file query09.txt (compact mmCIF, C-alpha atoms and all ligand atoms)
# COMPACT_ATOMS: atom_id res chain seq x y z
CA MET A 1 0.00 0.00 0.00
CA SER A 2 1.37 3.41 -0.91
CA GLU A 3 1.93 6.09 1.70
CA GLN A 4 -0.79 8.08 -0.08
CA ASP A 5 -3.32 5.31 0.59
CA SER A 6 -2.77 5.10 4.36
CA THR A 7 -4.86 8.21 4.94
CA ALA A 8 -7.84 9.88 3.24
CA SER A 9 -10.54 12.43 3.98
CA VAL A 10 -13.19 9.89 3.08
CA VAL A 11 -13.07 6.11 2.78
CA ILE A 12 -15.99 4.49 0.99
CA ILE A 13 -16.41 0.79 1.64
CA GLY A 14 -18.03 -0.89 -1.36
CA GLY A 15 -17.81 -0.13 -5.05
CA GLY A 16 -21.38 -0.89 -6.08
CA LEU A 17 -23.76 1.66 -7.55
CA GLU A 18 -24.08 3.42 -4.18
CA GLY A 19 -20.36 3.58 -3.41
CA ALA A 20 -19.41 4.61 -6.95
CA ALA A 21 -22.17 7.27 -7.07
CA THR A 22 -21.09 8.60 -3.67
CA ALA A 23 -17.48 8.86 -4.87
CA TRP A 24 -18.62 10.70 -8.01
CA ALA A 25 -20.83 13.08 -6.02
CA LEU A 26 -17.93 13.91 -3.66
CA GLY A 27 -15.65 14.49 -6.65
CA GLN A 28 -18.21 16.88 -8.14
CA ARG A 29 -18.06 18.87 -4.90
CA GLY A 30 -14.27 19.07 -4.96
CA ILE A 31 -13.73 16.39 -2.31
CA THR A 32 -11.21 14.14 -4.01
CA ASP A 33 -9.06 12.82 -1.16
CA VAL A 34 -11.26 9.74 -1.28
CA VAL A 35 -10.46 6.03 -1.39
CA VAL A 36 -13.08 3.48 -2.44
CA CYS A 37 -12.30 0.00 -1.11
CA GLU A 38 -14.04 -2.71 -3.13
CA ARG A 39 -13.27 -6.30 -2.15
CA ASP A 40 -14.04 -7.62 -5.62
CA THR A 41 -14.63 -5.47 -8.71
CA VAL A 42 -16.75 -2.34 -9.27
CA GLY A 43 -20.38 -3.33 -9.81
CA GLY A 44 -19.68 -7.00 -9.05
CA GLY A 45 -22.17 -7.20 -6.14
CA MET A 46 -25.94 -6.71 -6.29
CA THR A 47 -25.42 -3.94 -8.84
CA GLY A 48 -24.34 -6.47 -11.44
CA LYS A 49 -27.51 -8.48 -10.81
CA SER A 50 -30.04 -5.66 -11.05
CA SER A 51 -32.92 -5.95 -13.50
CA GLY A 52 -32.31 -2.26 -14.15
CA ILE A 53 -35.82 -0.87 -13.67
CA VAL A 54 -35.59 2.92 -13.30
CA ARG A 55 -38.57 4.43 -11.49
CA CYS A 56 -39.50 6.79 -8.70
CA HIS A 57 -42.49 4.70 -7.64
CA TYR A 58 -41.62 3.97 -4.01
CA GLY A 59 -44.00 3.78 -1.07
CA VAL A 60 -41.46 5.45 1.23
CA SER A 61 -41.38 9.18 0.48
CA SER A 62 -37.67 9.64 1.22
CA LEU A 63 -36.84 6.93 -1.34
CA ALA A 64 -39.18 8.44 -3.93
CA ALA A 65 -37.55 11.85 -3.40
CA MET A 66 -34.03 10.41 -3.80
CA ALA A 67 -35.08 8.52 -6.92
CA ALA A 68 -36.47 11.75 -8.41
CA VAL A 69 -33.06 13.42 -7.95
CA GLY A 70 -31.26 10.34 -9.30
CA LEU A 71 -33.47 10.27 -12.38
CA GLU A 72 -32.01 13.61 -13.46
CA VAL A 73 -28.57 11.98 -13.59
CA PHE A 74 -29.91 9.19 -15.82
CA GLU A 75 -31.52 11.72 -18.12
CA LYS A 76 -28.37 13.82 -18.42
CA ALA A 77 -25.96 10.86 -18.50
CA GLU A 78 -24.48 11.58 -21.93
CA GLU A 79 -23.75 15.15 -20.89
CA ILE A 80 -22.38 14.19 -17.45
CA PHE A 81 -20.36 11.09 -18.31
CA GLY A 82 -19.80 11.55 -22.04
CA THR A 83 -20.99 8.00 -22.62
CA ASP A 84 -24.12 5.88 -22.91
CA ILE A 85 -24.91 4.27 -19.55
CA GLY A 86 -27.67 2.10 -20.98
CA PHE A 87 -30.68 4.14 -19.84
CA ARG A 88 -33.75 3.78 -22.07
CA GLN A 89 -36.65 6.09 -21.21
CA THR A 90 -39.53 3.80 -22.16
CA GLY A 91 -41.82 4.95 -19.34
CA TYR A 92 -42.79 2.86 -16.33
CA VAL A 93 -46.18 1.43 -15.51
CA VAL A 94 -47.40 -0.32 -12.37
CA GLY A 95 -50.84 -1.91 -12.14
CA VAL A 96 -53.16 -2.73 -9.23
CA GLY A 97 -56.39 -4.65 -8.78
CA GLU A 98 -59.58 -3.15 -7.32
CA ALA A 99 -58.50 -3.96 -3.72
CA ASN A 100 -55.40 -1.77 -3.98
CA LEU A 101 -56.87 1.15 -5.90
CA GLU A 102 -57.04 3.51 -2.91
CA ASN A 103 -53.51 2.61 -1.86
CA LEU A 104 -52.23 3.35 -5.36
CA ARG A 105 -53.93 6.75 -5.37
CA LYS A 106 -52.50 7.64 -1.94
CA SER A 107 -49.05 6.50 -3.03
CA LEU A 108 -49.15 8.52 -6.27
CA ALA A 109 -50.26 11.62 -4.34
CA ALA A 110 -47.42 11.17 -1.81
CA GLN A 111 -44.92 10.76 -4.65
CA ARG A 112 -46.13 13.92 -6.41
CA GLU A 113 -45.67 15.80 -3.11
CA VAL A 114 -41.91 15.06 -3.23
CA GLY A 115 -41.56 16.01 -6.89
CA VAL A 116 -42.18 12.75 -8.74
CA GLN A 117 -43.95 13.15 -12.09
CA THR A 118 -46.54 10.40 -11.91
CA GLU A 119 -50.19 10.02 -12.79
CA GLU A 120 -53.01 7.50 -12.79
CA ILE A 121 -53.98 6.01 -16.14
CA ASP A 122 -56.70 3.53 -17.04
CA VAL A 123 -56.80 0.14 -18.71
CA ALA A 124 -57.60 1.61 -22.15
CA GLU A 125 -54.49 3.76 -22.02
CA VAL A 126 -52.24 0.79 -21.17
CA ALA A 127 -53.93 -1.36 -23.85
CA ARG A 128 -53.02 1.32 -26.39
CA MET A 129 -49.33 1.20 -25.31
CA TRP A 130 -49.21 -2.59 -24.88
CA PRO A 131 -51.86 -4.24 -27.06
CA THR A 132 -50.84 -7.85 -26.31
CA ALA A 133 -50.97 -7.58 -22.49
CA ASP A 134 -53.70 -9.35 -20.50
CA LEU A 135 -55.06 -6.42 -18.50
CA GLU A 136 -58.12 -8.18 -17.13
CA PRO A 137 -56.87 -8.37 -13.48
CA PHE A 138 -56.13 -4.64 -13.29
CA ALA A 139 -58.29 -1.74 -12.13
CA ALA A 140 -55.84 1.12 -12.66
CA PHE A 141 -52.21 1.93 -13.26
CA GLY A 142 -49.57 4.37 -12.14
CA TRP A 143 -47.63 5.89 -15.04
CA GLU A 144 -44.24 7.56 -14.97
CA GLU A 145 -43.38 8.99 -18.34
CA ARG A 146 -39.76 9.60 -17.31
CA GLY A 147 -39.11 6.04 -16.05
CA GLY A 148 -37.63 3.16 -18.00
CA TYR A 149 -34.79 0.72 -17.66
CA GLY A 150 -31.05 0.97 -17.40
CA ASP A 151 -27.88 -1.01 -17.01
CA ALA A 152 -26.77 -0.82 -13.39
CA TYR A 153 -23.32 -2.29 -14.10
CA GLN A 154 -22.63 0.20 -16.90
CA THR A 155 -23.93 3.01 -14.68
CA ALA A 156 -21.63 2.03 -11.80
CA GLN A 157 -18.67 1.88 -14.19
CA ALA A 158 -19.51 5.37 -15.49
CA PHE A 159 -19.71 6.78 -11.94
CA ALA A 160 -16.40 5.11 -11.06
CA ALA A 161 -14.62 6.37 -14.19
CA ALA A 162 -15.88 9.91 -13.59
CA ALA A 163 -14.79 9.71 -9.94
CA ARG A 164 -11.34 8.47 -10.96
CA ALA A 165 -11.02 11.38 -13.39
CA THR A 166 -11.25 13.77 -10.43
CA GLY A 167 -8.36 11.98 -8.68
CA ILE A 168 -10.40 9.67 -6.45
CA ARG A 169 -8.68 6.32 -5.85
CA ILE A 170 -10.69 3.16 -6.45
CA ARG A 171 -9.00 0.10 -5.03
CA GLN A 172 -10.48 -3.16 -6.25
CA GLY A 173 -9.62 -6.46 -4.59
CA THR A 174 -9.46 -4.60 -1.28
CA THR A 175 -11.50 -6.06 1.56
CA VAL A 176 -12.26 -4.00 4.66
CA THR A 177 -12.46 -6.20 7.73
CA GLU A 178 -13.24 -3.65 10.42
CA LEU A 179 -14.20 -0.08 11.22
CA ILE A 180 -11.68 1.55 13.54
CA VAL A 181 -13.32 3.70 16.18
CA ASP A 182 -12.09 6.07 18.85
CA GLY A 183 -14.81 6.64 21.43
CA ASP A 184 -17.94 7.46 19.47
CA ARG A 185 -16.10 8.45 16.27
CA VAL A 186 -14.98 6.31 13.38
CA THR A 187 -11.38 7.11 12.50
CA GLY A 188 -10.62 4.67 9.70
CA VAL A 189 -10.75 1.14 8.42
CA ARG A 190 -8.65 -2.00 8.70
CA LEU A 191 -8.00 -4.03 5.55
CA ARG A 192 -7.68 -7.78 5.15
CA ASP A 193 -3.86 -7.53 4.87
CA GLY A 194 -3.80 -5.87 8.32
CA SER A 195 -2.98 -2.40 7.05
CA THR A 196 -5.17 0.58 7.94
CA ILE A 197 -6.47 3.72 6.24
CA SER A 198 -7.24 6.56 8.61
CA ALA A 199 -10.09 8.82 7.54
CA ASP A 200 -12.22 11.70 8.78
CA THR A 201 -15.33 10.07 7.34
CA VAL A 202 -16.14 6.48 6.47
CA VAL A 203 -19.10 5.66 4.21
CA VAL A 204 -20.43 2.13 4.51
CA ALA A 205 -21.81 1.28 1.06
CA THR A 206 -21.65 -2.48 1.32
CA GLY A 207 -25.35 -3.02 0.64
CA VAL A 208 -26.58 -6.36 1.96
CA TRP A 209 -23.16 -7.05 3.52
CA SER A 210 -23.32 -4.01 5.85
CA LYS A 211 -24.40 -5.86 8.96
CA PRO A 212 -20.97 -7.29 9.94
CA PHE A 213 -19.52 -3.77 10.08
CA LEU A 214 -22.33 -2.08 11.85
CA ALA A 215 -23.60 -4.75 14.28
CA PRO A 216 -20.54 -4.57 16.59
CA HIS A 217 -21.27 -0.84 16.98
CA GLY A 218 -24.91 -1.39 17.89
CA ILE A 219 -26.24 -0.20 14.51
C1 LIG A 301 -31.90 -9.71 -8.66
C2 LIG A 301 -31.93 -8.24 -8.37
C3 LIG A 301 -32.71 -7.38 -9.15
C4 LIG A 301 -32.77 -6.02 -8.88
N1 LIG A 301 -33.49 -5.20 -9.70
C5 LIG A 301 -33.50 -3.85 -9.49
C6 LIG A 301 -34.18 -2.98 -10.37
O1 LIG A 301 -34.80 -3.43 -11.33
N2 LIG A 301 -34.11 -1.64 -10.14
C7 LIG A 301 -33.43 -1.13 -9.08
O2 LIG A 301 -33.41 0.10 -8.90
N3 LIG A 301 -32.78 -1.94 -8.21
C8 LIG A 301 -32.79 -3.28 -8.41
N4 LIG A 301 -32.12 -4.10 -7.56
C9 LIG A 301 -31.46 -3.51 -6.41
C10 LIG A 301 -30.13 -2.89 -6.85
O3 LIG A 301 -29.37 -3.86 -7.53
C11 LIG A 301 -29.41 -2.44 -5.61
O4 LIG A 301 -30.23 -1.59 -4.84
C12 LIG A 301 -28.14 -1.68 -5.91
O5 LIG A 301 -27.38 -2.29 -6.93
C13 LIG A 301 -27.40 -1.64 -4.61
O6 LIG A 301 -26.17 -1.03 -4.82
P1 LIG A 301 -25.16 -1.01 -3.61
O7 LIG A 301 -23.97 -0.26 -4.08
O8 LIG A 301 -25.85 -0.58 -2.37
O9 LIG A 301 -24.82 -2.56 -3.35
P2 LIG A 301 -23.86 -3.57 -4.14
O10 LIG A 301 -23.90 -3.39 -5.61
O11 LIG A 301 -24.15 -4.91 -3.61
O12 LIG A 301 -22.43 -3.08 -3.69
C14 LIG A 301 -21.87 -3.38 -2.44
C15 LIG A 301 -20.42 -3.65 -2.71
O13 LIG A 301 -19.75 -3.79 -1.45
C16 LIG A 301 -18.71 -4.72 -1.65
N5 LIG A 301 -18.31 -5.20 -0.35
C17 LIG A 301 -19.04 -5.94 0.52
N6 LIG A 301 -18.35 -6.18 1.64
C18 LIG A 301 -17.15 -5.56 1.49
C19 LIG A 301 -15.99 -5.44 2.31
N7 LIG A 301 -15.92 -6.04 3.50
N8 LIG A 301 -14.94 -4.72 1.87
C20 LIG A 301 -14.98 -4.13 0.63
N9 LIG A 301 -16.04 -4.24 -0.19
C21 LIG A 301 -17.12 -4.93 0.23
C22 LIG A 301 -19.33 -5.80 -2.53
O14 LIG A 301 -18.35 -6.57 -3.21
C23 LIG A 301 -20.19 -4.96 -3.48
O15 LIG A 301 -19.53 -4.66 -4.70
C24 LIG A 301 -32.04 -5.48 -7.79
C25 LIG A 301 -31.24 -6.34 -7.00
C26 LIG A 301 -31.18 -7.69 -7.29
C27 LIG A 301 -30.33 -8.57 -6.42
call {"tool": "encode", "arguments": {"input": "query09.txt", "output": "structure tokens"}}
result
Amino acid sequence: MSEQDSTASVVIIGGGLEGAATAWALGQRGITDVVVCERDTVGGGMTGKSSGIVRCHYGVSSLAAMAAVGLEVFEKAEEIFGTDIGFRQTGYVVGVGEANLENLRKSLAAQREVGVQTEEIDVAEVARMWPTADLEPFAAFGWEERGGYGDAYQTAQAFAAAARATGIRIRQGTTVTELIVDGDRVTGVRLRDGSTISADTVVVATGVWSKPFLAPHGI
């Protein structure tokens, strides 16, 4: 490990979509003394397995709001990254039966409140877009014109490349085994080879593998 890598302002653990996007966002804000530690390869975790649906339709308002901000990055990807990240803006539709009609309406209203462009459409409208679909079980649909599908792996690679271009270091094949804490503050991370990186801030972006880091600290 180089001398330069033994300390950083920010260490990000995990180089999936979340870790790579966080690195990129820091780089955009001029915070480039950042090391991403990815035990395998960028996008090799859940990111590489994603079906790639891009939508803001979430029942939790904070998630819907974050997705609405994220959608702008997908839409401006060519401009931001200078490359195709695989996003196709086909629109997104979600259907419900009679029993869930009220819930759908409440959810769409809550999403609009946090800035999501979504509306209710009827069976005839969906039949026009998708003539071969069996729409018999459905009472109504939510429709997001700006949704679609993407390629999560390609997107993570684009975030990582753009982060690297700002000077951020992305270390693949680098497993973090432990958070180092001093009192109630995290001060760095320990790597599998026993070496450490001290940091002012540590971002845990290990997705479904986060529990082993956080459980010993009561989180
Ligand atoms: C089958 C499937 C389908 C999905 N479909 C969709 C979809 O259609 N639309 C959608 O929006 N989302 C979908 N998702 C969810 C989406 O894939 C995830 O929300 C997203 O990829 C999570 O990104 P992440 O960076 O949090 O996690 P990950 O991509 O899992 O990244 C975590 C990274 O941390 C690394 N890591 C773990 N432990 C350590 C350690 N100790 N040291 C260093 N590195 C470590 C891992 O190797 C991994 O690369 C789907 C997920 C799956 C599994």
call {"tool": "closest_residue", "arguments": {"input": "query09.txt", "among": "A:Val11, A:Ile219, A:Ala162, A:Ala65", "to": "Gln28 in chain A", "atoms": "all atoms listed in the file"}}
result
A:Ala162
call {"tool": "residues_near_ligand", "arguments": {"input": "query09.txt", "ligand": "ligand LIG 301 (chain A)", "cutoff": "6 Å", "atoms": "only C-alpha atoms and all ligand atoms", "output": "PDB file with C-alpha atoms, in the coordinates of the input"}}
result
ATOM      1  CA  ILE A  13     -16.410   0.790   1.640  1.00  0.00           C
ATOM      2  CA  GLY A  14     -18.030  -0.890  -1.360  1.00  0.00           C
ATOM      3  CA  GLY A  15     -17.810  -0.130  -5.050  1.00  0.00           C
ATOM      4  CA  GLY A  16     -21.380  -0.890  -6.080  1.00  0.00           C
ATOM      5  CA  LEU A  17     -23.760   1.660  -7.550  1.00  0.00           C
ATOM      6  CA  GLU A  18     -24.080   3.420  -4.180  1.00  0.00           C
ATOM      7  CA  GLY A  19     -20.360   3.580  -3.410  1.00  0.00           C
ATOM      8  CA  CYS A  37     -12.300   0.000  -1.110  1.00  0.00           C
ATOM      9  CA  GLU A  38     -14.040  -2.710  -3.130  1.00  0.00           C
ATOM     10  CA  ARG A  39     -13.270  -6.300  -2.150  1.00  0.00           C
ATOM     11  CA  ASP A  40     -14.040  -7.620  -5.620  1.00  0.00           C
ATOM     12  CA  VAL A  42     -16.750  -2.340  -9.270  1.00  0.00           C
ATOM     13  CA  GLY A  43     -20.380  -3.330  -9.810  1.00  0.00           C
ATOM     14  CA  GLY A  44     -19.680  -7.000  -9.050  1.00  0.00           C
ATOM     15  CA  GLY A  45     -22.170  -7.200  -6.140  1.00  0.00           C
ATOM     16  CA  MET A  46     -25.940  -6.710  -6.290  1.00  0.00           C
ATOM     17  CA  THR A  47     -25.420  -3.940  -8.840  1.00  0.00           C
ATOM     18  CA  LYS A  49     -27.510  -8.480 -10.810  1.00  0.00           C
ATOM     19  CA  SER A  50     -30.040  -5.660 -11.050  1.00  0.00           C
ATOM     20  CA  SER A  51     -32.920  -5.950 -13.500  1.00  0.00           C
ATOM     21  CA  GLY A  52     -32.310  -2.260 -14.150  1.00  0.00           C
ATOM     22  CA  ILE A  53     -35.820  -0.870 -13.670  1.00  0.00           C
ATOM     23  CA  VAL A  54     -35.590   2.920 -13.300  1.00  0.00           C
ATOM     24  CA  THR A 174      -9.460  -4.600  -1.280  1.00  0.00           C
ATOM     25  CA  THR A 175     -11.500  -6.060   1.560  1.00  0.00           C
ATOM     26  CA  VAL A 176     -12.260  -4.000   4.660  1.00  0.00           C
ATOM     27  CA  THR A 177     -12.460  -6.200   7.730  1.00  0.00           C
ATOM     28  CA  ALA A 205     -21.810   1.280   1.060  1.00  0.00           C
ATOM     29  CA  THR A 206     -21.650  -2.480   1.320  1.00  0.00           C
ATOM     30  CA  GLY A 207     -25.350  -3.020   0.640  1.00  0.00           C
ATOM     31  CA  TRP A 209     -23.160  -7.050   3.520  1.00  0.00           C
TER      32      TRP A 209
END
call {"tool": "closest_residue", "arguments": {"input": "query09.txt", "among": "A:Gly48, A:Gly167, A:Gly188, A:Gly150", "to": "Val204 in chain A", "atoms": "all atoms listed in the file"}}
result
A:Gly188
call {"tool": "atom_distance", "arguments": {"input": "query09.txt", "atom1": "CA of Phe74 in chain A", "atom2": "CA of Val208 in chain A"}}
result
23.9 Å
call {"tool": "residues_near_point", "arguments": {"input": "query09.txt", "point": "(-9.2, 5.3, -7.6)", "cutoff": "12 Å", "atoms": "only C-alpha atoms", "output": "VMD selection string"}}
result
chain A and resid 4 to 5 8 11 to 12 15 20 23 to 24 27 32 to 38 42 159 to 172 174
call {"tool": "residues_around", "arguments": {"input": "query09.txt", "residues": "Phe87 in chain A", "least_positions_apart": "2", "cutoff": "8 Å", "atoms": "all atoms listed in the file", "output": "PyMOL selection string"}}
result
chain A and resi 74-75+84-85+89+148-151
call {"tool": "atom_distance", "arguments": {"input": "query09.txt", "atom1": "CA of Glu120 in chain A", "atom2": "CA of Pro137 in chain A"}}
result
16.3 Å
call {"tool": "residues_around", "arguments": {"input": "query09.txt", "residues": "Ala127 in chain A", "least_positions_apart": "6", "cutoff": "12 Å", "atoms": "all atoms listed in the file", "output": "number ranges by chain"}}
result
A: 93, 121, 133-136, 138, 140-141
call {"tool": "write_last_selection", "arguments": {"input": "query09.txt", "atoms": "C-alpha atoms", "output": "short mmCIF file (atom, residue, chain, number, x, y, z; two decimals), in the coordinates of the input"}}
result
data_model
loop_
_atom_site.label_atom_id
_atom_site.label_comp_id
_atom_site.auth_asym_id
_atom_site.auth_seq_id
_atom_site.Cartn_x
_atom_site.Cartn_y
_atom_site.Cartn_z
CA VAL A 93 -46.18 1.43 -15.51
CA ILE A 121 -53.98 6.01 -16.14
CA ALA A 133 -50.97 -7.58 -22.49
CA ASP A 134 -53.70 -9.35 -20.50
CA LEU A 135 -55.06 -6.42 -18.50
CA GLU A 136 -58.12 -8.18 -17.13
CA PHE A 138 -56.13 -4.64 -13.29
CA ALA A 140 -55.84 1.12 -12.66
CA PHE A 141 -52.21 1.93 -13.26
#
call {"tool": "atom_distance", "arguments": {"input": "query09.txt", "atom1": "CA of Asn100 in chain A", "atom2": "CA of Val60 in chain A"}}
result
16.5 Å
call {"tool": "residues_around", "arguments": {"input": "query09.txt", "residues": "Leu108 in chain A", "least_positions_apart": "6", "cutoff": "10 Å", "atoms": "only C-alpha atoms", "output": "list in words"}}
result
His57, Tyr58, Gly59, Glu102, Val116, Gln117, Thr118, Glu119, Glu120, Gly142 and Trp143 of chain A
call {"tool": "write_last_selection", "arguments": {"input": "query09.txt", "atoms": "C-alpha atoms", "output": "tab-separated table (two decimals), in the coordinates of the input"}}
result
chain	number	residue	atom	x	y	z
A	57	HIS	CA	-42.49	4.70	-7.64
A	58	TYR	CA	-41.62	3.97	-4.01
A	59	GLY	CA	-44.00	3.78	-1.07
A	102	GLU	CA	-57.04	3.51	-2.91
A	116	VAL	CA	-42.18	12.75	-8.74
A	117	GLN	CA	-43.95	13.15	-12.09
A	118	THR	CA	-46.54	10.40	-11.91
A	119	GLU	CA	-50.19	10.02	-12.79
A	120	GLU	CA	-53.01	7.50	-12.79
A	142	GLY	CA	-49.57	4.37	-12.14
A	143	TRP	CA	-47.63	5.89	-15.04
call {"tool": "residues_around", "arguments": {"input": "query09.txt", "residues": "Asp182 in chain A", "least_positions_apart": "2", "cutoff": "12 Å", "atoms": "only C-alpha atoms", "output": "VMD selection string"}}
result
chain A and resid 179 to 180 184 to 189 198 to 200 217
call {"tool": "residues_near_point", "arguments": {"input": "query09.txt", "point": "(-42.4, 13.0, -1.3)", "cutoff": "6 Å", "atoms": "all atoms listed in the file", "output": "JSON, numbers by chain"}}
result
{"A": [61, 65, 110, 111, 113, 114]}
call {"tool": "axis_aligned_box", "arguments": {"input": "query09.txt", "around": "range 18-37 of chain A", "padding_each_side": "3 Å", "output": "JSON"}}
result
{"center_x": -16.6, "center_y": 9.5, "center_z": -4.6, "size_x": 21.0, "size_y": 25.1, "size_z": 13.0}
call {"tool": "closest_residue", "arguments": {"input": "query09.txt", "among": "A:Glu125, A:Glu178, A:Lys106, A:Ile80", "to": "Ile197 in chain A", "atoms": "all atoms listed in the file"}}
result
A:Glu178
call {"tool": "build_atoms", "arguments": {"input": "query09.txt", "residues": "range 154-162 of chain A", "atoms": "all heavy atoms", "output": "PDB file, in the frame of the given file"}}
result
ATOM      1  N   GLN A 154     -23.197  -0.873 -16.069  1.00  0.00           N
ATOM      2  CA  GLN A 154     -22.630   0.200 -16.900  1.00  0.00           C
ATOM      3  C   GLN A 154     -22.677   1.537 -16.156  1.00  0.00           C
ATOM      4  O   GLN A 154     -21.758   2.346 -16.250  1.00  0.00           O
ATOM      5  CB  GLN A 154     -23.495   0.329 -18.158  1.00  0.00           C
ATOM      6  CG  GLN A 154     -22.767   0.137 -19.457  1.00  0.00           C
ATOM      7  CD  GLN A 154     -23.742   0.258 -20.622  1.00  0.00           C
ATOM      8  OE1 GLN A 154     -24.763  -0.430 -20.657  1.00  0.00           O
ATOM      9  NE2 GLN A 154     -23.445   1.127 -21.558  1.00  0.00           N
ATOM     10  N   THR A 155     -23.760   1.755 -15.425  1.00  0.00           N
ATOM     11  CA  THR A 155     -23.930   3.010 -14.680  1.00  0.00           C
ATOM     12  C   THR A 155     -22.875   3.123 -13.582  1.00  0.00           C
ATOM     13  O   THR A 155     -22.260   4.169 -13.403  1.00  0.00           O
ATOM     14  CB  THR A 155     -25.357   3.096 -14.110  1.00  0.00           C
ATOM     15  OG1 THR A 155     -26.285   2.934 -15.180  1.00  0.00           O
ATOM     16  CG2 THR A 155     -25.609   4.432 -13.429  1.00  0.00           C
ATOM     17  N   ALA A 156     -22.656   2.018 -12.862  1.00  0.00           N
ATOM     18  CA  ALA A 156     -21.630   2.030 -11.800  1.00  0.00           C
ATOM     19  C   ALA A 156     -20.249   2.285 -12.395  1.00  0.00           C
ATOM     20  O   ALA A 156     -19.440   3.046 -11.837  1.00  0.00           O
ATOM     21  CB  ALA A 156     -21.646   0.707 -11.037  1.00  0.00           C
ATOM     22  N   GLN A 157     -19.978   1.668 -13.550  1.00  0.00           N
ATOM     23  CA  GLN A 157     -18.670   1.880 -14.190  1.00  0.00           C
ATOM     24  C   GLN A 157     -18.500   3.351 -14.589  1.00  0.00           C
ATOM     25  O   GLN A 157     -17.405   3.917 -14.443  1.00  0.00           O
ATOM     26  CB  GLN A 157     -18.523   0.989 -15.442  1.00  0.00           C
ATOM     27  CG  GLN A 157     -18.516  -0.500 -15.164  1.00  0.00           C
ATOM     28  CD  GLN A 157     -17.352  -0.948 -14.293  1.00  0.00           C
ATOM     29  OE1 GLN A 157     -16.307  -0.312 -14.259  1.00  0.00           O
ATOM     30  NE2 GLN A 157     -17.534  -2.032 -13.558  1.00  0.00           N
ATOM     31  N   ALA A 158     -19.583   3.954 -15.077  1.00  0.00           N
ATOM     32  CA  ALA A 158     -19.510   5.370 -15.490  1.00  0.00           C
ATOM     33  C   ALA A 158     -19.247   6.270 -14.286  1.00  0.00           C
ATOM     34  O   ALA A 158     -18.422   7.187 -14.345  1.00  0.00           O
ATOM     35  CB  ALA A 158     -20.794   5.776 -16.198  1.00  0.00           C
ATOM     36  N   PHE A 159     -19.945   5.999 -13.166  1.00  0.00           N
ATOM     37  CA  PHE A 159     -19.710   6.780 -11.940  1.00  0.00           C
ATOM     38  C   PHE A 159     -18.247   6.621 -11.496  1.00  0.00           C
ATOM     39  O   PHE A 159     -17.590   7.596 -11.125  1.00  0.00           O
ATOM     40  CB  PHE A 159     -20.626   6.299 -10.812  1.00  0.00           C
ATOM     41  CG  PHE A 159     -21.997   6.915 -10.804  1.00  0.00           C
ATOM     42  CD1 PHE A 159     -23.138   6.109 -10.811  1.00  0.00           C
ATOM     43  CD2 PHE A 159     -22.172   8.282 -10.753  1.00  0.00           C
ATOM     44  CE1 PHE A 159     -24.411   6.669 -10.784  1.00  0.00           C
ATOM     45  CE2 PHE A 159     -23.448   8.858 -10.717  1.00  0.00           C
ATOM     46  CZ  PHE A 159     -24.569   8.042 -10.737  1.00  0.00           C
ATOM     47  N   ALA A 160     -17.765   5.370 -11.536  1.00  0.00           N
ATOM     48  CA  ALA A 160     -16.400   5.110 -11.060  1.00  0.00           C
ATOM     49  C   ALA A 160     -15.369   5.802 -11.947  1.00  0.00           C
ATOM     50  O   ALA A 160     -14.414   6.412 -11.444  1.00  0.00           O
ATOM     51  CB  ALA A 160     -16.146   3.597 -11.017  1.00  0.00           C
ATOM     52  N   ALA A 161     -15.571   5.727 -13.266  1.00  0.00           N
ATOM     53  CA  ALA A 161     -14.620   6.370 -14.190  1.00  0.00           C
ATOM     54  C   ALA A 161     -14.603   7.878 -13.973  1.00  0.00           C
ATOM     55  O   ALA A 161     -13.536   8.504 -13.940  1.00  0.00           O
ATOM     56  CB  ALA A 161     -14.989   6.030 -15.631  1.00  0.00           C
ATOM     57  N   ALA A 162     -15.798   8.458 -13.788  1.00  0.00           N
ATOM     58  CA  ALA A 162     -15.880   9.910 -13.590  1.00  0.00           C
ATOM     59  C   ALA A 162     -15.261  10.299 -12.252  1.00  0.00           C
ATOM     60  O   ALA A 162     -14.635  11.362 -12.128  1.00  0.00           O
ATOM     61  CB  ALA A 162     -17.332  10.371 -13.672  1.00  0.00           C
TER      62      ALA A 162
END
